[in-house]
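This is upload18.tsv. It holds TSV, C-alpha atoms.
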```tsv
chain	number	residue	atom	x	y	z
A	175	MET	CA	77.90	25.73	82.80
A	176	ALA	CA	74.43	24.98	81.51
A	177	THR	CA	74.67	24.90	77.71
A	178	LYS	CA	72.36	21.97	76.90
A	179	ASN	CA	68.58	21.70	76.99
A	180	LEU	CA	68.03	24.91	75.03
A	181	TYR	CA	64.95	23.61	73.18
A	182	GLU	CA	66.34	25.03	69.96
A	183	ASN	CA	63.94	22.99	67.81
A	184	THR	CA	60.90	22.54	70.03
A	185	ALA	CA	60.50	25.72	72.10
A	186	TYR	CA	57.48	26.83	70.07
A	187	LEU	CA	55.73	23.56	71.00
A	188	TYR	CA	56.55	23.66	74.71
A	189	ASP	CA	53.33	25.31	75.86
A	190	PHE	CA	51.10	22.63	74.39
A	191	ASP	CA	51.85	20.43	77.41
A	192	ASN	CA	48.41	20.01	78.98
A	193	ARG	CA	49.24	17.63	81.83
A	194	ASP	CA	47.64	18.41	85.19
A	195	LEU	CA	50.96	18.03	87.00
A	196	LEU	CA	52.13	21.33	85.48
A	197	ASN	CA	49.58	23.15	87.62
A	198	ASP	CA	51.18	22.16	90.92
A	199	ASP	CA	54.27	24.36	90.75
A	200	VAL	CA	52.19	27.34	89.59
A	201	LYS	CA	49.92	26.93	92.62
A	202	ILE	CA	52.87	26.83	95.03
A	203	ALA	CA	54.55	29.80	93.31
A	204	LEU	CA	51.40	31.88	93.74
A	205	GLU	CA	51.23	30.91	97.42
A	206	CYS	CA	54.83	32.12	97.79
A	207	VAL	CA	53.92	35.41	96.12
A	208	GLU	CA	51.30	35.94	98.81
A	209	LYS	CA	53.83	35.24	101.57
A	210	THR	CA	56.53	37.64	100.33
A	211	LYS	CA	57.16	41.27	99.54
A	212	GLY	CA	59.51	43.00	97.15
A	213	ASP	CA	60.89	42.06	93.77
A	214	ILE	CA	60.58	38.58	92.29
A	215	LEU	CA	63.16	36.58	90.32
A	216	GLU	CA	62.46	33.50	88.24
A	217	ILE	CA	65.52	31.60	87.11
A	218	ALA	CA	65.27	29.45	83.95
A	219	CYS	CA	61.85	30.92	83.19
A	220	GLY	CA	61.51	29.24	79.79
A	221	THR	CA	58.39	30.41	77.96
A	222	GLY	CA	56.97	32.15	81.02
A	223	ARG	CA	54.64	29.30	81.96
A	224	VAL	CA	55.02	30.20	85.65
A	225	THR	CA	56.14	33.81	85.27
A	226	ILE	CA	52.92	35.02	83.67
A	227	PRO	CA	50.61	33.78	86.47
A	228	VAL	CA	53.08	35.27	88.97
A	229	LEU	CA	52.97	38.59	87.11
A	230	LYS	CA	49.18	38.64	87.28
A	231	LYS	CA	49.27	37.88	91.01
A	232	ALA	CA	52.05	40.35	91.83
A	233	ILE	CA	50.73	43.16	89.67
A	234	ASP	CA	52.64	45.98	91.40
A	235	ARG	CA	55.91	44.11	92.01
A	236	ASN	CA	58.98	44.08	89.78
A	237	VAL	CA	59.50	40.66	88.20
A	238	THR	CA	62.78	39.64	86.57
A	239	ALA	CA	62.81	36.42	84.54
A	240	PHE	CA	65.81	34.96	82.78
A	241	ASP	CA	66.76	31.90	80.78
A	242	LEU	CA	69.74	30.73	78.75
A	243	SER	CA	67.64	29.63	75.77
A	244	ASP	CA	66.98	32.33	73.19
A	245	THR	CA	64.33	30.16	71.57
A	246	MET	CA	62.39	29.79	74.82
A	247	LEU	CA	62.70	33.51	75.54
A	248	SER	CA	61.46	34.33	72.06
A	249	VAL	CA	58.24	32.44	72.79
A	250	PHE	CA	57.95	34.18	76.17
A	251	ARG	CA	58.41	37.62	74.63
A	252	GLU	CA	55.72	36.91	72.03
A	253	LYS	CA	53.32	35.89	74.80
A	254	ALA	CA	54.20	38.91	76.94
A	255	ALA	CA	53.63	41.26	73.99
A	256	LYS	CA	49.99	40.13	73.86
A	257	LEU	CA	49.36	40.89	77.53
A	258	PRO	CA	48.02	44.24	78.78
A	259	ASP	CA	50.69	46.79	79.68
A	260	GLU	CA	49.26	46.84	83.21
A	261	ILE	CA	50.51	43.27	83.66
A	262	THR	CA	53.89	43.54	81.92
A	263	LYS	CA	54.89	47.07	82.98
A	264	ASN	CA	57.19	45.74	85.72
A	265	LEU	CA	58.52	42.72	83.81
A	266	SER	CA	62.14	42.31	82.73
A	267	ILE	CA	63.04	39.34	80.50
A	268	GLU	CA	66.74	38.62	80.14
A	269	ASN	CA	69.16	36.06	78.75
A	270	ALA	CA	71.45	34.81	81.52
A	271	ASN	CA	73.16	31.68	82.81
A	272	MET	CA	72.05	30.46	86.21
A	273	THR	CA	75.61	29.63	87.26
A	274	ILE	CA	77.13	33.11	86.74
A	275	PHE	CA	74.33	35.68	86.85
A	276	ASN	CA	74.76	38.87	88.85
A	277	LEU	CA	71.82	41.28	89.00
A	278	ASN	CA	73.26	43.54	91.72
A	279	LYS	CA	70.10	43.41	93.85
A	280	THR	CA	68.14	41.15	96.15
A	281	PHE	CA	64.68	39.70	95.70
A	282	GLY	CA	61.86	38.89	98.08
A	283	LEU	CA	61.09	35.70	96.17
A	284	VAL	CA	63.35	33.55	93.99
A	285	ILE	CA	61.86	30.73	91.89
A	286	LEU	CA	63.78	27.84	90.32
A	287	ILE	CA	61.49	24.95	89.45
A	288	TRP	CA	60.40	22.27	86.97
A	289	ARG	CA	63.71	20.41	86.55
A	290	ALA	CA	65.61	23.53	85.48
A	291	PHE	CA	68.26	23.10	88.16
A	292	GLN	CA	68.91	19.59	86.88
A	293	VAL	CA	70.44	20.79	83.63
A	294	LEU	CA	73.56	21.49	85.74
A	295	LEU	CA	75.38	18.21	85.32
A	296	ASN	CA	78.23	18.58	87.82
A	297	GLU	CA	78.29	19.55	91.47
A	298	SER	CA	80.54	22.59	91.06
A	299	ASP	CA	78.00	24.26	88.75
A	300	ALA	CA	75.15	23.25	91.04
A	301	VAL	CA	76.89	24.74	94.09
A	302	GLN	CA	77.81	27.91	92.19
A	303	CYS	CA	74.18	28.37	91.14
A	304	LEU	CA	72.88	27.96	94.68
A	305	LYS	CA	75.49	30.31	96.13
A	306	ASN	CA	74.55	32.88	93.48
A	307	ILE	CA	70.91	32.57	94.45
A	308	LYS	CA	71.77	33.09	98.10
A	309	LYS	CA	73.58	36.34	97.22
A	310	HIS	CA	70.38	37.60	95.60
A	311	MET	CA	68.28	37.00	98.73
A	312	ASN	CA	67.79	38.97	101.90
A	313	ASP	CA	66.97	37.60	105.36
A	314	ASP	CA	63.21	37.58	104.70
A	315	SER	CA	63.36	36.18	101.15
A	316	LEU	CA	61.82	32.88	100.14
A	317	PHE	CA	63.36	30.51	97.62
A	318	LEU	CA	60.96	28.12	95.83
A	319	PHE	CA	62.80	25.12	94.42
A	320	SER	CA	61.86	21.78	92.88
A	321	VAL	CA	63.40	18.72	91.25
A	322	PHE	CA	61.84	15.53	89.97
A	323	ILE	CA	61.79	12.42	92.11
A	324	PRO	CA	63.92	9.75	90.39
A	325	ARG	CA	62.82	6.22	89.75
A	326	GLN	CA	64.64	3.39	91.52
A	327	SER	CA	66.85	2.49	88.56
A	328	TYR	CA	67.90	3.93	85.22
A	329	GLY	CA	69.39	0.69	84.00
A	330	ASP	CA	68.71	-1.52	81.01
A	331	ASP	CA	64.97	-1.58	81.64
A	332	TRP	CA	64.93	2.23	81.29
A	333	LEU	CA	67.13	2.54	78.19
A	334	GLY	CA	65.25	2.51	74.91
A	335	LYS	CA	61.85	2.85	76.56
A	336	GLU	CA	59.33	5.17	74.90
A	337	THR	CA	56.77	7.02	77.01
A	338	GLU	CA	53.86	9.06	75.76
A	339	ALA	CA	53.52	12.42	77.53
A	340	TYR	CA	50.35	13.79	75.95
A	341	ILE	CA	48.27	14.24	72.83
A	342	THR	CA	46.54	17.53	72.07
A	343	VAL	CA	45.27	19.68	69.22
A	344	ASP	CA	46.52	23.14	68.27
A	345	PRO	CA	43.31	25.21	68.12
A	346	ALA	CA	44.90	27.68	65.71
A	347	THR	CA	45.76	25.08	63.07
A	348	ASN	CA	43.84	21.94	64.11
A	349	ASN	CA	47.15	20.12	63.97
A	350	LYS	CA	47.28	17.03	66.18
A	351	ILE	CA	50.35	17.15	68.44
A	352	ARG	CA	51.68	14.02	70.09
A	353	ARG	CA	54.66	14.28	72.41
A	354	TYR	CA	56.60	11.30	73.67
A	355	THR	CA	60.09	10.59	74.97
A	356	LYS	CA	62.69	7.95	74.16
A	357	ASN	CA	65.41	7.17	76.68
A	358	ILE	CA	68.89	7.00	75.13
A	359	LYS	CA	71.65	7.35	77.77
A	360	SER	CA	72.15	6.65	81.45
A	361	ASP	CA	75.12	7.08	83.76
A	362	GLN	CA	73.96	5.73	87.10
A	363	GLU	CA	77.24	6.55	88.83
A	364	LYS	CA	77.05	10.25	87.92
A	365	GLN	CA	73.22	10.19	88.06
A	366	ILE	CA	72.82	11.65	84.57
A	367	ILE	CA	70.18	10.63	82.06
A	368	GLU	CA	69.44	11.69	78.50
A	369	TYR	CA	66.31	11.24	76.45
A	370	VAL	CA	64.86	12.53	73.19
A	371	SER	CA	61.77	14.72	73.44
A	372	ILE	CA	59.80	13.99	70.27
A	373	TYR	CA	56.82	15.81	68.80
A	374	GLU	CA	54.77	14.23	66.06
A	375	ILE	CA	52.62	16.82	64.25
A	376	THR	CA	49.80	15.71	61.97
A	377	ALA	CA	48.00	18.36	59.91
A	378	PRO	CA	44.29	18.04	59.00
A	379	ASP	CA	45.28	17.23	55.40
A	380	GLY	CA	47.49	14.36	56.60
A	381	ARG	CA	50.87	16.06	56.34
A	382	PHE	CA	53.18	14.73	59.05
A	383	GLU	CA	56.43	15.90	60.60
A	384	THR	CA	58.59	14.99	63.58
A	385	ILE	CA	60.52	17.55	65.61
A	386	GLU	CA	62.83	16.67	68.48
A	387	ASP	CA	65.40	17.87	71.00
A	388	ASN	CA	67.71	15.93	73.28
A	389	ILE	CA	67.26	16.59	77.00
A	390	THR	CA	69.92	15.80	79.62
A	391	TYR	CA	69.35	15.90	83.38
A	392	ARG	CA	71.20	15.13	86.56
A	393	TYR	CA	68.88	13.51	89.07
A	394	TYR	CA	68.89	13.65	92.86
A	395	THR	CA	67.16	11.65	95.53
A	396	PRO	CA	65.17	13.85	97.94
A	397	GLU	CA	67.80	13.21	100.59
A	398	GLN	CA	70.64	14.24	98.26
A	399	ILE	CA	69.04	17.48	97.14
A	400	LYS	CA	68.08	18.52	100.66
A	401	SER	CA	71.62	17.83	101.83
A	402	LEU	CA	73.06	19.94	99.00
A	403	LEU	CA	70.74	22.86	99.75
A	404	ILE	CA	71.64	22.79	103.44
A	405	LYS	CA	75.34	22.57	102.56
A	406	CYS	CA	74.95	25.71	100.42
A	407	GLY	CA	73.45	27.70	103.27
A	408	PHE	CA	69.69	27.22	103.06
A	409	THR	CA	67.09	26.23	105.63
A	410	ILE	CA	64.08	24.22	104.51
A	411	ILE	CA	60.87	25.71	105.91
A	412	GLU	CA	58.26	23.88	103.80
A	413	GLU	CA	58.28	20.62	101.89
A	414	SER	CA	55.68	18.96	99.68
A	415	SER	CA	55.53	16.58	96.73
A	416	ASN	CA	53.28	15.16	94.07
A	417	SER	CA	53.66	12.00	91.98
A	418	THR	CA	56.69	13.35	90.11
A	419	ASP	CA	58.33	16.24	91.98
A	420	ILE	CA	59.51	17.43	95.36
A	421	PHE	CA	58.88	21.09	96.21
A	422	LEU	CA	60.93	22.97	98.79
A	423	VAL	CA	60.50	26.47	100.17
A	424	LEU	CA	63.69	27.77	101.72
A	425	ARG	CA	65.31	30.71	103.46
A	426	LYS	CA	68.99	31.48	103.59
A	427	LYS	CA	70.74	30.78	106.89
```

The structure given in the file should be rewritten as structure tokens.
Amino acid sequence: MATKNLYENTAYLYDFDNRDLLNDDVKIALECVEKTKGDILEIACGTGRVTIPVLKKAIDRNVTAFDLSDTMLSVFREKAAKLPDEITKNLSIENANMTIFNLNKTFGLVILIWRAFQVLLNESDAVQCLKNIKKHMNDDSLFLFSVFIPRQSYGDDWLGKETEAYITVDPATNNKIRRYTKNIKSDQEKQIIEYVSIYEITAPDGRFETIEDNITYRYYTPEQIKSLLIKCGFTIIEESSNSTDIFLVLRKK
């Protein structure tokens, strides 16, 4: 089951990510809201980065969002508490595991995006998650799903490499925040990688600290993930991609 990638140290920094690529999945999620009716479920919702725009779009629909990470959900709840009651009145935020959840209802739209599925490191957990999702859908439901597109190799040239993600400033504190990653493990046979997500925080008076969490993912080629989804009883009705991710909109067979 998914027990890693809980962002125990860095959840409160997660929303500083200002990269344009984070807008793409929100845009597609909102398009799916327009195409569906009924309740909405977001799996592995994190800090509500996607859930909150969905809430604002689907103002009169019930939205359930869950995640395994208490630290991520704590950030989400703080954000939700600052929103008008009109937006959050139909919101339910829960702690749950994507491999074993049972909500005893179906949803018109299910969302599982931004690498969240890839924290499941073995196929049995991945299949269990997808079968669970299917049980929570009806014949007219849509399932929005994404994974990142892997590079050609995660060999020696990948290990040890550091990559800067972004630099920004916290407007509340004027702290400079730099996030970068350092690659530390790769199992190309099992298609599992691990890197350290590192935040360097510099205060206006020069004080400096580093905060980090290890992140582990299983990666899939587009062909592999589409084959797995079809095997688990889904039909792909829309497909798109950007420079980093493949997005699939599915129905259950």

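Of note, atom CA of A:Phe421 and atom CA of A:Leu304 are spaced 15.7 Å apart.
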
Spatial neighbours of A:Tyr373, 7 Å, all atoms listed in the file, chain gap at least 5 places, as a list of chain:residue names =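 Residues meeting the cut-off are A:Ile351, A:Arg352, A:Arg353, A:Tyr354, A:Thr384, A:Ile385, A:Glu386.
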
For A:Gln326, list every protein, DNA or RNA residue within 12 Å, evaluated using all atoms listed in the file, and leave out those in the same chain fewer than 5 positions away; present the list as a PyMOL selection string. chain A and resi 331-332+362+365+393-395

Nearest to A:Leu247: which of A:Leu318, A:Ile267, A:Leu333, A:Ala300 is it, counting all atoms listed in the file?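 Ranked by minimum distance to A:Leu247, first place goes to A:Ile267.
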
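Nearest residue to A:Tyr186 among A:Leu294, A:Met246, A:Ala255, A:Leu286 is A:Met246, counting all atoms listed in the file.
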
Review point. Of the candidates A:Glu260, A:Glu205, A:Glu216, A:Glu338, which one gets nearest to A:Asp191 if we count only C-alpha atoms?
Key: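 Looking only at the distances to A:Asp191, the closest residue turns out to be A:Glu338.
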
Atom CA of A:Lys305 sits from atom CA of A:Leu204 at a separation of 24.3 Å

Go through A:Lys209, A:Lys263, A:Lys364, A:Arg289 one by one, measure the shortest atom-to-atom distance of each to A:Leu229 using all atoms listed in the file, and give the residue with the smallest value.
->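 Answer, going by the shortest atom-to-atom distance: A:Lys263.
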
| said: Applying 12 Å and all atoms listed in the file, which residues near A:Ile226 remain after dropping the ones on its own chain fewer than 6 positions away? List them as a PyMOL selection string. | reply: chain A and resi 200+203-204+216+219-220+232-233+237-239+250-251+253-258+261-262+264-267

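Among the candidates A:Gln292, A:Asn269, A:Ser414, A:Gln302, the residue lying nearest to A:Glu368 is A:Gln292 (atoms considered: only C-alpha atoms).
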
For A:Ser320, list every protein, DNA or RNA residue within 10 Å, evaluated using only C-alpha atoms, and leave out those in the same chain fewer than 6 positions away; present the list as a count of residues only.
-> 19

re atom CA of A:Val321 and atom CA of A:Leu424: distance 13.8 Å

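Compared by their closest atoms to A:Asn312, and using all atoms listed in the file, the residues A:Asp344, A:Glu208, A:Asp189, A:Asp213 rank with A:Asp213 nearest.
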
Could stretch 301-322 of chain A be completed with N, CA, C and O atoms and written as a JSON list (two decimals), in the coordinates of the input, please?
```json
[["chain", "number", "residue", "atom", "x", "y", "z"],
["A", 301, "VAL", "N", 76.55, 23.95, 92.89],
["A", 301, "VAL", "CA", 76.89, 24.74, 94.09],
["A", 301, "VAL", "C", 77.01, 26.21, 93.73],
["A", 301, "VAL", "O", 76.53, 27.09, 94.46],
["A", 302, "GLN", "N", 77.65, 26.52, 92.60],
["A", 302, "GLN", "CA", 77.81, 27.91, 92.19],
["A", 302, "GLN", "C", 76.45, 28.57, 91.98],
["A", 302, "GLN", "O", 76.22, 29.71, 92.36],
["A", 303, "CYS", "N", 75.53, 27.84, 91.35],
["A", 303, "CYS", "CA", 74.18, 28.37, 91.14],
["A", 303, "CYS", "C", 73.50, 28.68, 92.46],
["A", 303, "CYS", "O", 72.96, 29.78, 92.64],
["A", 304, "LEU", "N", 73.56, 27.77, 93.40],
["A", 304, "LEU", "CA", 72.88, 27.96, 94.68],
["A", 304, "LEU", "C", 73.52, 29.09, 95.48],
["A", 304, "LEU", "O", 72.82, 29.89, 96.13],
["A", 305, "LYS", "N", 74.82, 29.21, 95.43],
["A", 305, "LYS", "CA", 75.49, 30.31, 96.13],
["A", 305, "LYS", "C", 75.13, 31.66, 95.49],
["A", 305, "LYS", "O", 74.99, 32.67, 96.19],
["A", 306, "ASN", "N", 74.99, 31.66, 94.18],
["A", 306, "ASN", "CA", 74.55, 32.88, 93.48],
["A", 306, "ASN", "C", 73.14, 33.28, 93.91],
["A", 306, "ASN", "O", 72.85, 34.46, 94.12],
["A", 307, "ILE", "N", 72.28, 32.30, 94.01],
["A", 307, "ILE", "CA", 70.91, 32.57, 94.45],
["A", 307, "ILE", "C", 70.92, 33.17, 95.85],
["A", 307, "ILE", "O", 70.22, 34.16, 96.12],
["A", 308, "LYS", "N", 71.71, 32.60, 96.72],
["A", 308, "LYS", "CA", 71.77, 33.09, 98.10],
["A", 308, "LYS", "C", 72.19, 34.55, 98.15],
["A", 308, "LYS", "O", 71.68, 35.35, 98.94],
["A", 309, "LYS", "N", 73.12, 34.94, 97.27],
["A", 309, "LYS", "CA", 73.58, 36.34, 97.22],
["A", 309, "LYS", "C", 72.47, 37.29, 96.79],
["A", 309, "LYS", "O", 72.54, 38.49, 97.08],
["A", 310, "HIS", "N", 71.47, 36.77, 96.10],
["A", 310, "HIS", "CA", 70.38, 37.60, 95.60],
["A", 310, "HIS", "C", 69.17, 37.58, 96.53],
["A", 310, "HIS", "O", 68.09, 38.03, 96.14],
["A", 311, "MET", "N", 69.35, 37.06, 97.74],
["A", 311, "MET", "CA", 68.28, 37.00, 98.73],
["A", 311, "MET", "C", 68.62, 37.85, 99.94],
["A", 311, "MET", "O", 69.79, 38.07, 100.25],
["A", 312, "ASN", "N", 67.59, 38.33, 100.61],
["A", 312, "ASN", "CA", 67.79, 38.97, 101.90],
["A", 312, "ASN", "C", 67.27, 38.04, 103.00],
["A", 312, "ASN", "O", 66.83, 36.92, 102.73],
["A", 313, "ASP", "N", 67.31, 38.48, 104.24],
["A", 313, "ASP", "CA", 66.97, 37.60, 105.36],
["A", 313, "ASP", "C", 65.52, 37.15, 105.35],
["A", 313, "ASP", "O", 65.19, 36.10, 105.91],
["A", 314, "ASP", "N", 64.64, 37.92, 104.73],
["A", 314, "ASP", "CA", 63.21, 37.58, 104.70],
["A", 314, "ASP", "C", 62.78, 36.92, 103.39],
["A", 314, "ASP", "O", 61.60, 36.57, 103.24],
["A", 315, "SER", "N", 63.71, 36.73, 102.47],
["A", 315, "SER", "CA", 63.36, 36.18, 101.15],
["A", 315, "SER", "C", 62.97, 34.71, 101.25],
["A", 315, "SER", "O", 63.45, 33.97, 102.11],
["A", 316, "LEU", "N", 62.12, 34.29, 100.32],
["A", 316, "LEU", "CA", 61.82, 32.88, 100.14],
["A", 316, "LEU", "C", 62.41, 32.40, 98.82],
["A", 316, "LEU", "O", 62.47, 33.16, 97.85],
["A", 317, "PHE", "N", 62.81, 31.15, 98.81],
["A", 317, "PHE", "CA", 63.36, 30.51, 97.62],
["A", 317, "PHE", "C", 62.52, 29.26, 97.35],
["A", 317, "PHE", "O", 62.52, 28.32, 98.13],
["A", 318, "LEU", "N", 61.77, 29.26, 96.23],
["A", 318, "LEU", "CA", 60.96, 28.12, 95.83],
["A", 318, "LEU", "C", 61.75, 27.28, 94.85],
["A", 318, "LEU", "O", 62.19, 27.77, 93.81],
["A", 319, "PHE", "N", 61.89, 26.00, 95.15],
["A", 319, "PHE", "CA", 62.80, 25.12, 94.42],
["A", 319, "PHE", "C", 62.12, 23.77, 94.23],
["A", 319, "PHE", "O", 61.41, 23.28, 95.10],
["A", 320, "SER", "N", 62.35, 23.14, 93.07],
["A", 320, "SER", "CA", 61.86, 21.78, 92.88],
["A", 320, "SER", "C", 62.78, 20.99, 91.97],
["A", 320, "SER", "O", 63.50, 21.56, 91.13],
["A", 321, "VAL", "N", 62.75, 19.69, 92.15],
["A", 321, "VAL", "CA", 63.40, 18.72, 91.25],
["A", 321, "VAL", "C", 62.46, 17.53, 91.11],
["A", 321, "VAL", "O", 61.56, 17.35, 91.93],
["A", 322, "PHE", "N", 62.68, 16.71, 90.08],
["A", 322, "PHE", "CA", 61.84, 15.53, 89.97],
["A", 322, "PHE", "C", 62.36, 14.42, 90.87],
["A", 322, "PHE", "O", 63.54, 14.37, 91.23]]
```
